[in-house]
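Participant: This structure is in structure tokens; I'll ask about it shortly.
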Amino acid sequence: MRALLLALLVLVAAVPALAQEPGEPAAPRSWQSLSPQQQQLLHGFQGNWDSLPAEKQQSLARGSDRWIHMTPEERSGAQDRFKQWRALPPEQRQQLRERWRQFKALPPEQQQRVREQFQRFRQMPPEQRQALRRQWQQMTPEQRRGALQRGPAAPRAGVARPGPRPAAGPRPRRFPR
């Protein structure tokens with residue numbers, strides 16, 4: 001359990017400092033500045049804490065603080081996600097890291113739009129999600145770039161739309177008439 005937690009914290013530490021301004025160096029963090037709970041979680045780093053880069057110290061401190069404040073359900077979910085992460089092949093993990101860097105490089109408005117689109121995707125029936133995945137896989141790289149640039153509301157030339165929704169009452173209006 002502790003090894004899993006430690007690995008989770010190391011993974012969290014690998015994520016760049018989000019609260020820090022770009023170009024602003026992180027300040028080193030002393031071991032004594034950590035709470036007793038953080039020190040307990042990070043005890044494996046105690047011997048070499050002062051030799052860690054300041055960014056890593058800050059990241060580990062933030063990650064341990066987040067862990068301490070999680071509910072048991074959130075901790076369980078985090079552990080499950082970490083197990084899934086560790087089960088991925090290294091190439092796929094690297095791909096996901098790159099996608100995360102690309103996402104974090106987006107302006108906040110675009111990040112929010114991506115989050116909203118992802119939530120809409122997750123709420124779709126599994127068959128519709130699978131159909132969209134197949135469509136995406138059948139696209140050429142140029143078609144994919146064009147689809148991403150146009151966004152969700154733009155028509156996608158050459159790409160079939162999912163079939164009609166089952167009749168479940170009137171369809172909600174998207175635009176004022």
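Residues in the structure tokens are numbered from 1 in each chain, the chains being A, B, ... in the order shown, and ligands are numbered from 1 in the order shown.
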Among range 15-124 of chain A, which residues does DSSP mark as helix (DSSP H, G or I) when it is run on the backbone? Keep the chain and numbering as in the structure and answer as a PyMOL selection string.
Facilitator: chain A and resi 31-33+36-41+43-51+54-68+72-87+90-105+108-123
Participant: For range 30-37 of chain A, please output as a PyMOL selection string all residues within 10 Å (counting only C-alpha atoms; exclusion window: fewer than 5 positions along the same chain).
Facilitator: chain A and resi 42-43+45-50+54+57-58+61+64-65+67-68
Participant: Please dump the current selection as an mmCIF file, in the first residue's frame; keep N, CA and C atoms.
Facilitator:
data_model
loop_
_atom_site.group_PDB
_atom_site.id
_atom_site.type_symbol
_atom_site.label_atom_id
_atom_site.label_comp_id
_atom_site.auth_asym_id
_atom_site.auth_seq_id
_atom_site.Cartn_x
_atom_site.Cartn_y
_atom_site.Cartn_z
ATOM 1 N N LEU A 42 5.675 10.975 2.848
ATOM 2 C CA LEU A 42 6.875 11.153 2.024
ATOM 3 C C LEU A 42 8.144 10.650 2.718
ATOM 4 N N HIS A 43 7.990 9.818 3.742
ATOM 5 C CA HIS A 43 9.155 9.405 4.526
ATOM 6 C C HIS A 43 10.265 8.793 3.674
ATOM 7 N N PHE A 45 11.435 9.898 1.044
ATOM 8 C CA PHE A 45 12.248 10.967 0.456
ATOM 9 C C PHE A 45 13.057 11.722 1.512
ATOM 10 N N GLN A 46 12.836 11.438 2.783
ATOM 11 C CA GLN A 46 13.442 12.230 3.846
ATOM 12 C C GLN A 46 14.963 12.296 3.734
ATOM 13 N N GLY A 47 15.605 11.181 3.483
ATOM 14 C CA GLY A 47 17.067 11.145 3.440
ATOM 15 C C GLY A 47 17.688 11.982 2.341
ATOM 16 N N ASN A 48 16.977 12.143 1.224
ATOM 17 C CA ASN A 48 17.563 12.917 0.127
ATOM 18 C C ASN A 48 16.701 14.140 -0.240
ATOM 19 N N TRP A 49 15.812 14.557 0.686
ATOM 20 C CA TRP A 49 14.902 15.675 0.414
ATOM 21 C C TRP A 49 15.664 16.934 -0.018
ATOM 22 N N ASP A 50 16.735 17.253 0.693
ATOM 23 C CA ASP A 50 17.467 18.486 0.388
ATOM 24 C C ASP A 50 18.171 18.429 -0.965
ATOM 25 N N ALA A 54 13.948 21.902 -6.362
ATOM 26 C CA ALA A 54 12.884 22.636 -5.671
ATOM 27 C C ALA A 54 11.519 22.350 -6.302
ATOM 28 N N GLN A 57 10.312 19.066 -4.952
ATOM 29 C CA GLN A 57 9.890 19.218 -3.569
ATOM 30 C C GLN A 57 8.492 19.841 -3.505
ATOM 31 N N GLN A 58 8.288 20.908 -4.258
ATOM 32 C CA GLN A 58 6.995 21.596 -4.258
ATOM 33 C C GLN A 58 5.896 20.670 -4.769
ATOM 34 N N ALA A 61 5.096 18.015 -2.225
ATOM 35 C CA ALA A 61 4.352 18.611 -1.108
ATOM 36 C C ALA A 61 2.894 18.835 -1.505
ATOM 37 N N SER A 64 1.128 15.375 -1.793
ATOM 38 C CA SER A 64 0.845 14.780 -0.488
ATOM 39 C C SER A 64 -0.283 15.534 0.209
ATOM 40 N N ASP A 65 -0.328 16.840 0.053
ATOM 41 C CA ASP A 65 -1.413 17.620 0.651
ATOM 42 C C ASP A 65 -2.759 17.249 0.027
ATOM 43 N N TRP A 67 -3.505 14.367 -1.298
ATOM 44 C CA TRP A 67 -3.821 13.015 -0.832
ATOM 45 C C TRP A 67 -4.430 13.063 0.572
ATOM 46 N N ILE A 68 -3.834 13.861 1.448
ATOM 47 C CA ILE A 68 -4.307 13.973 2.829
ATOM 48 C C ILE A 68 -5.748 14.465 2.872
#
Participant: From the options A:Pro53, A:Gly63, A:Pro25, A:Pro141, which residue's atoms come nearest to Leu41 in chain A, counting only C-alpha atoms?
Facilitator: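 Of all the options, A:Gly63 lies closest to Leu41 in chain A.
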Participant: Using only C-alpha atoms, can you tell me which of A:Gln135, A:Met124, A:Arg29, A:Glu74 comes closest to Leu60 in chain A?
Facilitator: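 Checking each of A:Gln135, A:Met124, A:Arg29, A:Glu74 against Leu60 in chain A, counting only C-alpha atoms, the winner is A:Arg29.
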